[in-house]
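Text of data.cif (mmCIF, C-alpha atoms) as supplied:
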```
data_input
loop_
_atom_site.label_atom_id
_atom_site.label_comp_id
_atom_site.auth_asym_id
_atom_site.auth_seq_id
_atom_site.Cartn_x
_atom_site.Cartn_y
_atom_site.Cartn_z
CA MET A 1097 -62.93 -106.90 -29.88
CA LEU A 1098 -62.51 -110.65 -30.14
CA PHE A 1099 -65.32 -112.80 -28.75
CA ASP A 1100 -65.24 -116.52 -28.07
CA MET A 1101 -68.63 -118.17 -28.66
CA ASP A 1102 -69.44 -121.30 -26.62
CA GLY A 1103 -69.80 -120.45 -22.96
CA THR A 1104 -68.84 -116.81 -23.55
CA LEU A 1105 -71.57 -115.31 -25.72
CA VAL A 1106 -74.06 -118.17 -25.59
CA ASP A 1107 -74.77 -120.72 -22.88
CA SER A 1108 -74.19 -123.64 -25.22
CA GLU A 1109 -72.01 -125.78 -22.97
CA LYS A 1110 -75.15 -127.45 -21.60
CA LEU A 1111 -76.01 -128.54 -25.13
CA TRP A 1112 -72.51 -129.94 -25.58
CA ASP A 1113 -73.01 -131.82 -22.30
CA VAL A 1114 -76.09 -133.49 -23.76
CA ALA A 1115 -74.41 -134.44 -27.04
CA LEU A 1116 -71.21 -135.73 -25.43
CA GLN A 1117 -73.04 -137.88 -22.88
CA GLU A 1118 -75.28 -139.27 -25.60
CA LEU A 1119 -72.21 -140.18 -27.66
CA ALA A 1120 -70.63 -141.87 -24.64
CA ALA A 1121 -73.85 -143.81 -24.07
CA THR A 1122 -73.85 -145.08 -27.66
CA TYR A 1123 -70.39 -146.47 -26.91
CA GLY A 1124 -71.67 -148.15 -23.75
CA GLY A 1125 -70.13 -145.76 -21.26
CA THR A 1126 -70.47 -142.50 -19.34
CA LEU A 1127 -68.20 -139.50 -19.77
CA SER A 1128 -66.46 -138.57 -16.52
CA ALA A 1129 -66.66 -135.09 -15.04
CA ALA A 1130 -62.90 -134.72 -15.36
CA ALA A 1131 -62.99 -135.53 -19.07
CA ARG A 1132 -65.86 -133.12 -19.62
CA ARG A 1133 -63.87 -130.33 -17.96
CA ALA A 1134 -60.84 -131.17 -20.08
CA ILE A 1135 -62.90 -130.85 -23.26
CA VAL A 1136 -64.05 -127.27 -22.61
CA GLY A 1137 -62.50 -124.94 -25.19
CA THR A 1138 -60.66 -127.63 -27.16
CA SER A 1139 -60.88 -128.51 -30.84
CA MET A 1140 -63.21 -131.25 -32.02
CA ALA A 1141 -60.33 -133.60 -32.75
CA ALA A 1142 -58.87 -133.13 -29.28
CA SER A 1143 -62.31 -133.51 -27.71
CA MET A 1144 -62.94 -136.84 -29.40
CA ARG A 1145 -59.55 -138.16 -28.27
CA ILE A 1146 -60.42 -137.19 -24.69
CA VAL A 1147 -63.81 -138.96 -24.96
CA HIS A 1148 -62.31 -142.14 -26.40
CA ASP A 1149 -59.52 -142.28 -23.84
CA ASP A 1150 -61.94 -141.62 -20.98
CA LEU A 1151 -64.13 -144.50 -22.11
CA GLY A 1152 -61.13 -146.80 -22.48
CA GLN A 1153 -61.74 -147.05 -26.22
CA PRO A 1154 -58.79 -145.18 -27.79
CA GLU A 1155 -59.06 -147.26 -30.96
CA ARG A 1156 -62.28 -145.53 -32.04
CA ASP A 1157 -62.24 -143.31 -35.14
CA PRO A 1158 -62.24 -139.65 -34.03
CA GLN A 1159 -63.66 -138.54 -37.39
CA ALA A 1160 -66.66 -140.85 -37.02
CA SER A 1161 -67.29 -139.61 -33.49
CA ALA A 1162 -66.92 -135.99 -34.59
CA ALA A 1163 -69.45 -136.52 -37.38
CA TRP A 1164 -71.94 -137.96 -34.86
CA ILE A 1165 -71.41 -135.05 -32.46
CA ASN A 1166 -71.69 -132.45 -35.23
CA GLU A 1167 -75.00 -133.85 -36.41
CA ARG A 1168 -76.44 -134.01 -32.90
CA ILE A 1169 -75.20 -130.59 -31.77
CA LEU A 1170 -76.63 -128.99 -34.90
CA GLU A 1171 -80.02 -130.39 -33.92
CA LEU A 1172 -79.64 -129.01 -30.41
CA PHE A 1173 -78.45 -125.59 -31.59
CA ARG A 1174 -81.48 -125.28 -33.86
CA THR A 1175 -83.76 -125.60 -30.83
CA GLY A 1176 -82.41 -122.25 -29.68
CA LEU A 1177 -79.44 -120.75 -27.89
CA ALA A 1178 -79.57 -118.70 -24.70
CA TRP A 1179 -77.30 -115.68 -24.30
CA ARG A 1180 -74.94 -115.62 -21.35
CA PRO A 1181 -75.76 -112.81 -18.88
CA GLY A 1182 -74.65 -109.43 -20.19
CA ALA A 1183 -73.28 -110.81 -23.46
CA SER A 1184 -75.92 -109.43 -25.81
CA ALA A 1185 -75.82 -105.96 -24.24
CA LEU A 1186 -72.03 -105.79 -24.40
CA LEU A 1187 -71.95 -106.95 -28.02
CA ARG A 1188 -74.55 -104.32 -28.95
CA ALA A 1189 -72.56 -101.61 -27.17
CA VAL A 1190 -69.35 -102.61 -28.93
CA ARG A 1191 -71.05 -102.53 -32.31
CA ALA A 1192 -72.78 -99.21 -31.61
CA ALA A 1193 -69.36 -97.73 -30.81
CA GLY A 1194 -68.04 -98.84 -34.20
CA ILE A 1195 -65.36 -101.10 -32.71
CA PRO A 1196 -64.06 -103.78 -35.14
CA THR A 1197 -65.33 -107.10 -33.84
CA ALA A 1198 -64.59 -110.75 -34.58
CA LEU A 1199 -65.99 -114.08 -33.44
CA VAL A 1200 -63.17 -116.53 -32.64
CA THR A 1201 -64.45 -120.01 -31.92
CA SER A 1202 -63.26 -123.61 -31.82
CA SER A 1203 -66.59 -124.71 -33.30
CA GLY A 1204 -66.79 -125.61 -36.98
CA ARG A 1205 -68.35 -123.41 -39.66
CA PRO A 1206 -71.62 -125.40 -40.06
CA LEU A 1207 -72.36 -125.04 -36.35
CA VAL A 1208 -71.34 -121.39 -36.29
CA GLU A 1209 -73.72 -120.64 -39.15
CA VAL A 1210 -76.59 -121.93 -37.02
CA ALA A 1211 -75.39 -119.96 -33.99
CA LEU A 1212 -75.25 -116.77 -36.05
CA ASP A 1213 -79.03 -116.92 -36.33
CA THR A 1214 -79.00 -116.06 -32.62
CA LEU A 1215 -75.85 -113.92 -32.47
CA GLY A 1216 -76.67 -111.87 -35.55
CA ARG A 1217 -74.74 -112.06 -38.79
CA ASP A 1218 -74.07 -108.33 -38.73
CA SER A 1219 -72.60 -108.51 -35.23
CA PHE A 1220 -69.11 -109.37 -36.49
CA ASP A 1221 -66.73 -107.99 -39.08
CA ALA A 1222 -64.92 -111.34 -39.19
CA VAL A 1223 -65.57 -114.91 -38.08
CA VAL A 1224 -62.78 -117.41 -37.40
CA CYS A 1225 -63.96 -121.01 -36.98
CA GLY A 1226 -62.07 -123.97 -35.58
CA ASP A 1227 -62.12 -125.84 -38.88
CA GLU A 1228 -60.69 -122.86 -40.77
CA VAL A 1229 -57.30 -122.60 -39.06
CA ASP A 1230 -54.32 -124.93 -39.13
CA ALA A 1231 -53.84 -124.84 -35.36
CA ALA A 1232 -56.76 -124.54 -32.92
CA LYS A 1233 -56.83 -123.01 -29.44
CA PRO A 1234 -54.70 -123.00 -27.25
CA HIS A 1235 -52.44 -122.15 -30.20
CA PRO A 1236 -52.42 -118.38 -30.89
CA GLU A 1237 -53.33 -118.78 -34.58
CA PRO A 1238 -57.12 -118.27 -34.20
CA TYR A 1239 -56.70 -114.91 -32.47
CA LEU A 1240 -53.84 -113.78 -34.69
CA THR A 1241 -55.99 -114.62 -37.70
CA ALA A 1242 -58.92 -112.61 -36.34
CA ALA A 1243 -56.76 -109.55 -35.69
CA ARG A 1244 -55.32 -109.78 -39.18
CA LEU A 1245 -58.78 -109.99 -40.73
CA LEU A 1246 -59.87 -106.94 -38.75
CA GLY A 1247 -56.73 -105.03 -39.69
CA VAL A 1248 -56.05 -104.31 -36.01
CA PRO A 1249 -52.75 -105.05 -34.19
CA ILE A 1250 -53.35 -107.93 -31.76
CA GLY A 1251 -51.91 -105.80 -28.97
CA ARG A 1252 -54.83 -103.40 -29.43
CA CYS A 1253 -57.42 -106.18 -29.08
CA VAL A 1254 -59.37 -107.47 -26.09
CA ALA A 1255 -60.32 -111.14 -26.22
CA ILE A 1256 -63.26 -112.37 -24.14
CA GLU A 1257 -63.06 -116.02 -23.13
CA ASP A 1258 -64.58 -118.53 -20.70
CA SER A 1259 -62.04 -121.39 -20.72
CA PRO A 1260 -58.37 -121.89 -19.81
CA THR A 1261 -57.73 -123.13 -23.35
CA GLY A 1262 -59.17 -120.00 -24.91
CA VAL A 1263 -57.39 -117.72 -22.47
CA ALA A 1264 -54.08 -119.43 -23.27
CA SER A 1265 -54.69 -118.89 -26.99
CA ALA A 1266 -55.48 -115.20 -26.58
CA LEU A 1267 -52.54 -114.57 -24.24
CA ALA A 1268 -50.13 -116.36 -26.56
CA ALA A 1269 -51.36 -114.20 -29.42
CA GLY A 1270 -50.71 -111.03 -27.44
CA ALA A 1271 -54.25 -109.82 -26.74
CA ALA A 1272 -55.56 -108.38 -23.48
CA VAL A 1273 -57.98 -110.90 -21.98
CA LEU A 1274 -61.28 -110.59 -20.17
CA ALA A 1275 -62.25 -113.96 -18.69
CA VAL A 1276 -65.74 -114.98 -17.61
CA PRO A 1277 -65.31 -118.56 -16.33
CA LEU A 1278 -68.28 -120.87 -16.76
CA GLU A 1279 -67.54 -124.60 -16.55
CA VAL A 1280 -63.88 -124.54 -15.54
CA PRO A 1281 -61.97 -122.18 -13.20
CA ILE A 1282 -59.35 -120.00 -14.87
CA PRO A 1283 -56.07 -119.54 -12.97
CA ALA A 1284 -55.04 -115.96 -12.22
CA ALA A 1285 -52.47 -114.67 -14.71
CA ASP A 1286 -50.89 -111.43 -15.81
CA GLY A 1287 -52.89 -109.88 -18.62
CA VAL A 1288 -56.14 -111.60 -17.61
CA HIS A 1289 -58.98 -109.69 -15.93
CA GLN A 1290 -61.74 -111.92 -14.54
CA LEU A 1291 -65.43 -111.19 -14.02
CA GLU A 1292 -68.23 -113.45 -12.83
CA SER A 1293 -70.33 -112.38 -15.82
CA LEU A 1294 -70.40 -109.85 -18.63
CA THR A 1295 -73.13 -107.88 -16.85
CA ALA A 1296 -70.25 -106.01 -15.17
CA ALA A 1297 -68.43 -105.31 -18.45
CA ASP A 1298 -68.74 -102.08 -20.42
CA LEU A 1299 -66.79 -100.01 -22.93
CA GLU A 1300 -64.94 -98.19 -20.14
CA LEU A 1301 -63.61 -101.48 -18.78
CA LEU A 1302 -62.56 -102.68 -22.23
CA ALA A 1303 -60.67 -99.44 -22.82
CA ALA A 1304 -59.01 -99.73 -19.42
CA LEU A 1305 -57.77 -103.22 -20.28
CA LEU A 1306 -55.90 -101.65 -23.20
CA GLY A 1307 -54.66 -98.79 -21.05
CA GLU A 1308 -56.53 -96.11 -22.95
CA PRO A 1309 -59.42 -93.72 -22.20
CA PRO A 1310 -62.92 -94.84 -23.26
CA ALA A 1311 -64.10 -93.82 -26.72
#
```
Mind converting the file's structure to structure tokens?
Amino acid sequence: MLFDMDGTLVDSEKLWDVALQELAATYGGTLSAAARRAIVGTSMAASMRIVHDDLGQPERDPQASAAWINERILELFRTGLAWRPGASALLRAVRAAGIPTALVTSSGRPLVEVALDTLGRDSFDAVVCGDEVDAAKPHPEPYLTAARLLGVPIGRCVAIEDSPTGVASALAAGAAVLAVPLEVPIPAADGVHQLESLTAADLELLAALLGEPPA
């Protein structure tokens, strides 16, 4: 099992909204709704380019903006993260069944370490962070890396995602995909099963997505 983090396991996109709008305000502007949607699921570098372009300030240093965002989002994450509906129960069921499990996120390691206080450090056999791969989502590398670390063929993995960018990454890697859209609609595609929330997901469904009987 391969779980995305932001917007999939935890309802952290609202915290990103706060940090991104605050950054835009420090630059004298307001982030547009279209730019915010475009940011969902992308790497930090890509996100900062979108912010700068949206504000009409492409000359700004993306590393400086990323450092500001990282510091602010760490503060917000420490105030507490809320689970998305059904996410905690599904993760517990997967772990109880002994299924190899990885967290595959575009967020950087420092932020993930804070999030793991909520998610549980023993909830995952491997963690792949956005700052630990050469190519971020939508490139397949994050999911291919997770499968390799788990020692499981990617074709025997189900990836759970909330964004088009994450879905594209998982599909390109060769995983079956369960999508639970949050901020941005996900177009219908072969190999992608969509649910409104993870409250409707269980081990039987995950097995069915791989075309096998439940454990």
Counting only C-alpha atoms, what is within 7 Å of region 1201-1206 of chain A, bar same-chain residues fewer than 3 positions away, as a ChimeraX atom specification? /A:1100-1101,1137-1139,1209-1210,1224-1227,1232-1233
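Comparing A:Thr1241, A:Glu1155, A:Leu1111, A:Met1144 by their smallest distance to Ala1222 (chain A), the closest is A:Thr1241 (using all atoms listed in the file).
When only C-alpha atoms are used to compute distances to Val1147 (chain A), the closest of the residues A:Leu1291, A:Ala1297, A:Leu1170, A:Ala1120 turns out to be A:Ala1120.
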Could you list, as a ChimeraX atom specification, every residue within 10 Å of Ala1285 (chain A), counting all atoms listed in the file and ignoring same-chain residues fewer than 3 positions away? /A:1263-1264,1267,1273,1282,1288-1290
Just the selected residues (C-alpha atoms), exported as a compact mmCIF listing (two decimals), in the coordinates of the input, please.
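This is the output file selection.txt:
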```
# COMPACT_ATOMS: atom_id res chain seq x y z
CA VAL A 1263 -57.39 -117.72 -22.47
CA ALA A 1264 -54.08 -119.43 -23.27
CA LEU A 1267 -52.54 -114.57 -24.24
CA VAL A 1273 -57.98 -110.90 -21.98
CA ILE A 1282 -59.35 -120.00 -14.87
CA VAL A 1288 -56.14 -111.60 -17.61
CA HIS A 1289 -58.98 -109.69 -15.93
CA GLN A 1290 -61.74 -111.92 -14.54
```
Using only C-alpha atoms, can you tell me which of A:Lys1110, A:Pro1281, A:Gly1251, A:Pro1236 comes closest to Leu1306 (chain A)? A:Gly1251
Residues of region 1276-1299 of chain A that approach region 1174-1181 of chain A to 7 Å or less, counting all atoms listed in the file: could you list each one with the shortest pair of atoms and its distance in Å to one decimal, rows by chain and increasing residue number, as a tab-separated table?
```
residue	atom	partner	partner_atom	distance
A:Ser1293	CA	A:Pro1181	CA	6.2
A:Leu1294	CA	A:Pro1181	CA	6.1
A:Thr1295	CA	A:Pro1181	CA	5.9
```
Starting from the PyMOL selection byres ((chain A and resi 1141) around 8), expand the selection into actual residues of this file and give them as a PyMOL selection string. chain A and resi 1139-1140+1142-1145+1158-1159+1162
Could you write out as a PyMOL selection string the residues that the PyMOL selection byres ((chain A and resi 1104) around 9) matches in the shown file? chain A and resi 1099-1103+1105-1108+1179-1180+1183+1256-1259+1275-1278+1294
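With distances taken over all atoms listed in the file, A:Ala1271 is the one residue among A:Leu1301, A:Ala1271, A:Glu1237, A:Gly1216 lying closest to Ile1250 (chain A).
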